[in-house]
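Peer 1: Next up, upload-v3.pdb (PDB, C-alpha atoms).
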MODEL        1
ATOM      1  CA  MET A1151     248.907  65.342   4.976
ATOM      2  CA  ALA A1152     251.849  67.728   5.182
ATOM      3  CA  SER A1153     250.634  68.983   8.543
ATOM      4  CA  ARG A1154     250.373  65.448   9.883
ATOM      5  CA  VAL A1155     253.842  64.516   8.651
ATOM      6  CA  SER A1156     255.445  67.672  10.033
ATOM      7  CA  PHE A1157     253.753  67.145  13.408
ATOM      8  CA  ARG A1158     254.968  63.542  13.649
ATOM      9  CA  THR A1159     258.427  64.562  12.491
ATOM     10  CA  GLY A1160     258.576  67.237  15.168
ATOM     11  CA  LEU A1161     257.770  64.721  17.880
ATOM     12  CA  VAL A1162     260.441  62.340  16.604
ATOM     13  CA  VAL A1163     263.011  65.142  16.495
ATOM     14  CA  LEU A1164     262.087  66.183  20.041
ATOM     15  CA  ALA A1165     262.550  62.635  21.339
ATOM     16  CA  ALA A1166     265.816  62.174  19.427
ATOM     17  CA  ALA A1167     267.167  65.442  20.756
ATOM     18  CA  ALA A1168     266.361  64.433  24.316
ATOM     19  CA  LEU A1169     268.224  61.156  23.917
ATOM     20  CA  ALA A1170     271.150  62.683  22.067
ATOM     21  CA  SER A1171     271.666  65.303  24.743
ATOM     22  CA  LEU A1172     272.215  62.510  27.244
ATOM     23  CA  ALA A1173     274.678  60.654  25.053
ATOM     24  CA  PHE A1174     276.983  63.427  23.851
ATOM     25  CA  THR A1175     278.522  66.637  25.110
ATOM     26  CA  PRO A1176     279.992  69.566  23.123
ATOM     27  CA  SER A1177     283.493  68.631  24.258
ATOM     28  CA  ASN A1178     283.169  65.084  22.984
ATOM     29  CA  SER A1179     285.607  64.820  20.061
ATOM     30  CA  GLN A1180     285.862  61.034  20.055
ATOM     31  CA  PRO A1181     284.290  59.040  17.205
ATOM     32  CA  ALA A1182     280.822  57.666  17.777
ATOM     33  CA  PRO A1183     280.902  54.187  19.316
ATOM     34  CA  ASP A1184     279.932  51.145  17.290
ATOM     35  CA  PHE A1185     277.021  48.929  18.300
ATOM     36  CA  GLY A1186     277.751  47.179  21.582
ATOM     37  CA  GLU A1187     280.511  49.572  22.597
ATOM     38  CA  PRO A1188     280.309  52.004  25.536
ATOM     39  CA  LEU A1189     279.459  55.627  24.850
ATOM     40  CA  ALA A1190     282.386  57.954  24.426
ATOM     41  CA  GLY A1191     283.230  60.151  27.388
ATOM     42  CA  LEU A1192     282.282  57.768  30.207
ATOM     43  CA  ASP A1193     284.208  58.215  33.422
ATOM     44  CA  ALA A1194     285.917  55.292  35.179
ATOM     45  CA  GLU A1195     282.884  54.411  37.307
ATOM     46  CA  GLU A1196     280.484  54.504  34.378
ATOM     47  CA  LEU A1197     282.808  52.389  32.248
ATOM     48  CA  GLU A1198     283.092  49.857  35.066
ATOM     49  CA  ARG A1199     279.296  49.657  35.258
ATOM     50  CA  PHE A1200     279.135  49.087  31.505
ATOM     51  CA  GLU A1201     281.681  46.252  31.693
ATOM     52  CA  GLU A1202     279.847  44.661  34.618
ATOM     53  CA  GLY A1203     276.564  44.806  32.714
ATOM     54  CA  LEU A1204     278.154  43.343  29.591
ATOM     55  CA  ASP A1205     279.639  40.506  31.638
ATOM     56  CA  GLU A1206     276.292  39.766  33.290
ATOM     57  CA  PHE A1207     274.454  39.939  29.967
ATOM     58  CA  SER A1208     276.931  37.508  28.353
ATOM     59  CA  GLU A1209     277.219  35.083  31.259
ATOM     60  CA  VAL A1210     276.071  31.508  30.667
ATOM     61  CA  GLU A1211     274.041  30.483  33.702
ATOM     62  CA  THR A1212     273.115  27.156  35.261
ATOM     63  CA  PRO A1213     270.200  26.030  37.447
ATOM     64  CA  GLU A1214     272.529  26.242  40.433
ATOM     65  CA  GLN A1215     272.948  29.945  39.669
ATOM     66  CA  GLY A1216     269.201  30.502  39.334
ATOM     67  CA  LEU A1217     268.393  29.537  35.744
ATOM     68  CA  GLY A1218     264.968  28.043  35.226
ATOM     69  CA  PRO A1219     262.897  26.132  35.901
ATOM     70  CA  VAL A1220     261.803  27.105  32.375
ATOM     71  CA  PHE A1221     263.730  29.475  30.148
ATOM     72  CA  ASN A1222     264.441  30.408  26.537
ATOM     73  CA  ASP A1223     268.220  30.198  26.654
ATOM     74  CA  VAL A1224     271.116  30.105  29.086
ATOM     75  CA  SER A1225     272.354  33.631  28.410
ATOM     76  CA  CYS A1226     270.883  36.942  27.269
ATOM     77  CA  GLY A1227     273.703  37.206  24.730
ATOM     78  CA  THR A1228     272.736  33.898  23.124
ATOM     79  CA  CYS A1229     269.734  35.540  21.446
ATOM     80  CA  HIS A1230     270.740  39.217  21.521
ATOM     81  CA  LEU A1231     273.934  39.043  19.497
ATOM     82  CA  VAL A1232     273.614  40.729  16.058
ATOM     83  CA  PRO A1233     275.584  42.776  15.115
ATOM     84  CA  SER A1234     277.084  42.449  18.611
ATOM     85  CA  VAL A1235     276.071  41.550  22.151
ATOM     86  CA  GLY A1236     272.931  43.506  23.002
ATOM     87  CA  GLY A1237     271.602  43.391  19.470
ATOM     88  CA  GLY A1238     268.870  41.323  17.854
ATOM     89  CA  SER A1239     268.799  38.136  15.807
ATOM     90  CA  GLU A1240     266.538  35.983  13.653
ATOM     91  CA  ILE A1241     265.756  33.781  16.649
ATOM     92  CA  LEU A1242     262.002  33.786  17.213
ATOM     93  CA  GLU A1243     260.097  33.805  20.478
ATOM     94  CA  THR A1244     256.478  32.675  20.669
ATOM     95  CA  ARG A1245     253.773  34.888  22.161
ATOM     96  CA  PHE A1246     250.227  33.768  22.850
ATOM     97  CA  GLY A1247     246.993  35.044  24.326
ATOM     98  CA  ARG A1248     243.311  35.490  23.660
ATOM     99  CA  THR A1249     240.631  38.158  23.571
ATOM    100  CA  GLY A1250     238.915  38.485  26.932
ATOM    101  CA  ASP A1251     235.213  38.924  27.567
ATOM    102  CA  ASP A1252     235.845  42.680  27.859
ATOM    103  CA  GLY A1253     237.323  42.747  24.372
ATOM    104  CA  LEU A1254     240.850  43.388  25.665
ATOM    105  CA  PHE A1255     243.925  41.234  25.161
ATOM    106  CA  ASP A1256     244.383  38.546  27.807
ATOM    107  CA  SER A1257     247.965  37.285  28.220
ATOM    108  CA  MET A1258     246.597  34.266  30.133
ATOM    109  CA  PRO A1259     248.741  34.545  33.274
ATOM    110  CA  GLU A1260     247.126  31.389  34.661
ATOM    111  CA  PHE A1261     249.059  29.550  31.944
ATOM    112  CA  GLY A1262     252.351  31.313  32.671
ATOM    113  CA  GLY A1263     251.794  34.505  30.724
ATOM    114  CA  GLY A1264     252.082  35.326  27.067
ATOM    115  CA  LEU A1265     255.682  34.239  26.437
ATOM    116  CA  ILE A1266     256.597  30.622  25.761
ATOM    117  CA  GLN A1267     259.760  29.419  27.499
ATOM    118  CA  LYS A1268     261.143  26.829  25.096
ATOM    119  CA  ASN A1269     263.475  24.989  27.482
ATOM    120  CA  GLY A1270     263.259  23.386  30.902
ATOM    121  CA  ILE A1271     265.930  22.356  33.390
ATOM    122  CA  GLY A1272     264.737  18.738  33.441
ATOM    123  CA  ILE A1273     264.521  16.714  36.623
ATOM    124  CA  ALA A1274     264.929  18.637  39.878
ATOM    125  CA  ASP A1275     263.901  17.121  43.194
ATOM    126  CA  LEU A1276     260.569  15.407  42.570
ATOM    127  CA  CYS A1277     259.620  17.401  39.474
ATOM    128  CA  GLU A1278     260.577  17.348  35.812
ATOM    129  CA  TYR A1279     260.543  20.762  34.171
ATOM    130  CA  LEU A1280     259.852  20.647  30.444
ATOM    131  CA  ALA A1281     259.541  23.272  27.734
ATOM    132  CA  GLU A1282     256.269  25.195  27.787
ATOM    133  CA  ILE A1283     253.658  24.639  25.095
ATOM    134  CA  VAL A1284     250.978  26.955  23.763
ATOM    135  CA  PRO A1285     247.761  26.268  25.718
ATOM    136  CA  GLY A1286     244.844  25.046  23.675
ATOM    137  CA  GLU A1287     242.706  27.899  24.998
ATOM    138  CA  ALA A1288     244.880  30.487  23.248
ATOM    139  CA  THR A1289     243.343  32.091  20.167
ATOM    140  CA  ILE A1290     246.157  34.544  19.370
ATOM    141  CA  LEU A1291     249.614  33.316  18.406
ATOM    142  CA  ALA A1292     252.609  35.253  17.059
ATOM    143  CA  ASP A1293     256.307  34.641  16.522
ATOM    144  CA  ARG A1294     258.491  37.677  17.227
ATOM    145  CA  ARG A1295     262.103  38.198  16.300
ATOM    146  CA  THR A1296     264.608  38.985  18.997
ATOM    147  CA  THR A1297     264.791  42.782  19.107
ATOM    148  CA  PRO A1298     267.969  44.841  19.621
ATOM    149  CA  LEU A1299     268.331  46.521  23.008
ATOM    150  CA  PHE A1300     270.810  49.246  22.059
ATOM    151  CA  GLY A1301     269.868  52.617  23.506
ATOM    152  CA  LEU A1302     267.441  51.408  26.149
ATOM    153  CA  GLY A1303     269.739  52.827  28.804
ATOM    154  CA  LEU A1304     269.321  56.251  27.227
ATOM    155  CA  VAL A1305     265.549  55.828  27.173
ATOM    156  CA  ASP A1306     265.675  54.858  30.834
ATOM    157  CA  ALA A1307     267.707  57.997  31.571
ATOM    158  CA  THR A1308     265.174  60.227  29.808
ATOM    159  CA  PRO A1309     262.886  61.970  32.327
ATOM    160  CA  ASP A1310     259.359  60.583  32.486
ATOM    161  CA  SER A1311     258.109  64.109  31.831
ATOM    162  CA  THR A1312     259.505  63.952  28.278
ATOM    163  CA  PHE A1313     257.279  61.020  27.361
ATOM    164  CA  TYR A1314     254.243  62.579  29.025
ATOM    165  CA  ALA A1315     254.888  65.776  27.052
ATOM    166  CA  LEU A1316     255.002  63.828  23.778
ATOM    167  CA  ALA A1317     251.758  62.021  24.592
ATOM    168  CA  THR A1318     250.058  65.289  25.578
ATOM    169  CA  ALA A1319     251.122  67.003  22.369
ATOM    170  CA  GLN A1320     249.681  64.145  20.316
ATOM    171  CA  LYS A1321     246.255  64.580  21.906
ATOM    172  CA  PHE A1322     245.822  67.933  20.193
ATOM    173  CA  HIS A1323     246.595  66.748  16.682
ATOM    174  CA  PRO A1324     243.530  66.708  14.412
ATOM    175  CA  ASP A1325     244.122  63.155  13.143
ATOM    176  CA  GLY A1326     243.040  61.832  16.550
ATOM    177  CA  ILE A1327     246.010  59.467  16.812
ATOM    178  CA  LYS A1328     247.741  59.622  20.157
ATOM    179  CA  GLY A1329     250.104  57.513  22.208
ATOM    180  CA  VAL A1330     249.634  56.311  25.767
ATOM    181  CA  VAL A1331     252.548  56.400  28.178
ATOM    182  CA  SER A1332     253.316  52.882  29.394
ATOM    183  CA  VAL A1333     253.752  52.764  33.167
ATOM    184  CA  VAL A1334     255.060  49.591  34.796
ATOM    185  CA  PRO A1335     256.310  48.645  38.275
ATOM    186  CA  ARG A1336     260.062  48.770  38.845
ATOM    187  CA  ILE A1337     261.244  45.720  40.758
ATOM    188  CA  ALA A1338     264.263  47.545  42.158
ATOM    189  CA  THR A1339     262.244  50.376  43.737
ATOM    190  CA  GLY A1340     258.712  49.025  43.983
ATOM    191  CA  ARG A1341     257.431  52.199  42.346
ATOM    192  CA  ASN A1342     255.677  52.717  39.037
ATOM    193  CA  ALA A1343     257.651  54.405  36.272
ATOM    194  CA  VAL A1344     257.558  54.894  32.522
ATOM    195  CA  GLY A1345     258.757  51.770  30.759
ATOM    196  CA  SER A1346     257.838  48.894  28.507
ATOM    197  CA  SER A1347     258.532  45.348  29.655
ATOM    198  CA  VAL A1348     261.608  46.208  31.691
ATOM    199  CA  GLY A1349     261.247  45.091  35.294
ATOM    200  CA  LYS A1350     258.120  43.008  34.781
ATOM    201  CA  PRO A1351     258.172  39.673  36.620
ATOM    202  CA  ARG A1352     258.031  37.707  33.382
ATOM    203  CA  SER A1353     261.093  36.912  31.388
ATOM    204  CA  ARG A1354     262.996  35.394  28.535
ATOM    205  CA  ARG A1355     265.509  34.039  31.001
ATOM    206  CA  SER A1356     263.925  33.070  34.275
ATOM    207  CA  SER A1357     265.774  32.912  37.579
ATOM    208  CA  SER A1358     263.153  31.151  39.623
ATOM    209  CA  SER A1359     264.760  27.740  39.851
ATOM    210  CA  PRO A1360     264.460  25.381  42.820
ATOM    211  CA  ALA A1361     268.022  26.342  43.726
ATOM    212  CA  MET A1362     266.998  30.021  44.008
ATOM    213  CA  PRO A1363     263.219  29.965  44.636
ATOM    214  CA  THR A1364     262.958  33.595  45.782
ATOM    215  CA  SER A1365     265.209  35.226  43.216
ATOM    216  CA  THR A1366     264.092  37.871  40.751
ATOM    217  CA  ARG A1367     263.246  36.965  37.189
ATOM    218  CA  TRP A1368     265.070  38.703  34.409
ATOM    219  CA  VAL A1369     263.544  40.357  31.392
TER     220      VAL A1369
ENDMDL
END
Would it be possible to restate this file's structure as structure tokens?
Peer 2:
Amino acid sequence: MASRVSFRTGLVVLAAAALASLAFTPSNSQPAPDFGEPLAGLDAEELERFEEGLDEFSEVETPEQGLGPVFNDVSCGTCHLVPSVGGGSEILETRFGRTGDDGLFDSMPEFGGGLIQKNGIGIADLCEYLAEIVPGEATILADRRTTPLFGLGLVDATPDSTFYALATAQKFHPDGIKGVVSVVPRIATGRNAVGSSVGKPRSRRSSSSPAMPTSTRWV
């Protein structure tokens, strides 16, 4: 048991060290930022990028700006707000799916994917867009709390090789438990990269409204 704990602890420390090295420098004497605040030591360009991202994340959007046709809320910051913008909340999102014939999880993309969008933009042109409902064919249903997003920028800045190294090290542990590196397509580049749900064309806040039919959906 001690060996297992020490091995897991070592992996956690390695990952934490990799992230911390990106966030702080030896010359950084400023106090650590609070949740939702920019990292200390950013230059003018980096701080401007942070402010632009915060503004975009907090913006309340309309169908004319690309919201919809179905969505969970009108702004990212409406759900991700505790203890500050970018955080979590007790707001629940509904996930659904079923077990496929191959025994694997099926997110049922033919029904819009595994995330219920609980609002619709209403009447637009000849259609009326209503909130999604869980399809009757679904056999798996779960409510998930809104998760905080703090630190995901640091994870994104961590080299892919770090995560592959962690997964490789786990393969050699005698308990047989190992992680698998999640690789997903990046919309911005069209290339695969280490990630979770970031960049997937399925979203909490969709931007595929009739007003902007070719726009990219947000996560």
Peer 1: Neighbours of region 1313-1320 of chain A within 7 Å (all atoms listed in the file; same-chain residues fewer than 3 positions away dropped), as a compact mmCIF listing (two decimals) with C-alpha atoms, in the coordinates of the input?
Peer 2:
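part21.txt was written with the following content:
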# COMPACT_ATOMS: atom_id res chain seq x y z
CA LEU A 1161 257.77 64.72 17.88
CA ASP A 1310 259.36 60.58 32.49
CA HIS A 1323 246.60 66.75 16.68
CA ILE A 1327 246.01 59.47 16.81
CA LYS A 1328 247.74 59.62 20.16
CA GLY A 1329 250.10 57.51 22.21
CA VAL A 1330 249.63 56.31 25.77
CA VAL A 1331 252.55 56.40 28.18
Peer 1: Return the single residue from A:Pro1188, A:Gly1270, A:Pro1298, A:Pro1219 that is closest to Gly1238 (chain A), with distances computed using all atoms listed in the file.
Peer 2: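 Closest candidate: A:Pro1298.
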Peer 1: Report the distance between CA of Glu1214 (chain A) and CA of Leu1265 (chain A) in Å, rounded to one decimal place.
Peer 2: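 Value for the CA of Glu1214 (chain A)-CA of Leu1265 (chain A) distance: 23.3 Å.
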Peer 1: To one decimal in Å, tell me the separation between CA of Ile1271 (chain A) and CA of Leu1231 (chain A).
Peer 2: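 Distance reported for this atom pair: 23.1 Å.
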Peer 1: Any idea what the distance is between CA of Ser1332 (chain A) and CA of Leu1217 (chain A)?
Peer 2: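 Between these atoms lies a distance of 28.5 Å.
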Peer 1: Starting from the shown file, work through the PyMOL selection byres ((chain A and resi 1241) around 7) and note down what comes out as an NGL selection string.
Peer 2: :A and (1229 or 1239-1240 or 1242-1243 or 1295-1296)
Peer 1: Given 3 Å of margin on each side, can you work out the centre and size in Å (one decimal) of an axis-aligned box holding every listed atom of region 1265-1279 of chain A, as lines of an AutoDock Vina configuration file?
Peer 2:
center_x = 260.8
center_y = 24.8
center_z = 34.1
size_x = 16.2
size_y = 24.8
size_z = 24.1
Peer 1: Would you translate the PyMOL selection byres ((chain A and resi 1187) around 10) into the concrete set of residues it matches in this file, as a list in words?
Peer 2: Ala1182, Pro1183, Asp1184, Phe1185, Gly1186, Pro1188, Leu1189, Ala1190, Phe1200, Glu1201, Leu1204, Ser1234, Val1235, Gly1236 and Phe1300 of chain A
Peer 1: Find, counting all atoms listed in the file, the residue in A:Ala1274, A:Val1210, A:Ile1290, A:Ala1281 that gets nearest to Ser1257 (chain A).
Peer 2: A:Ile1290
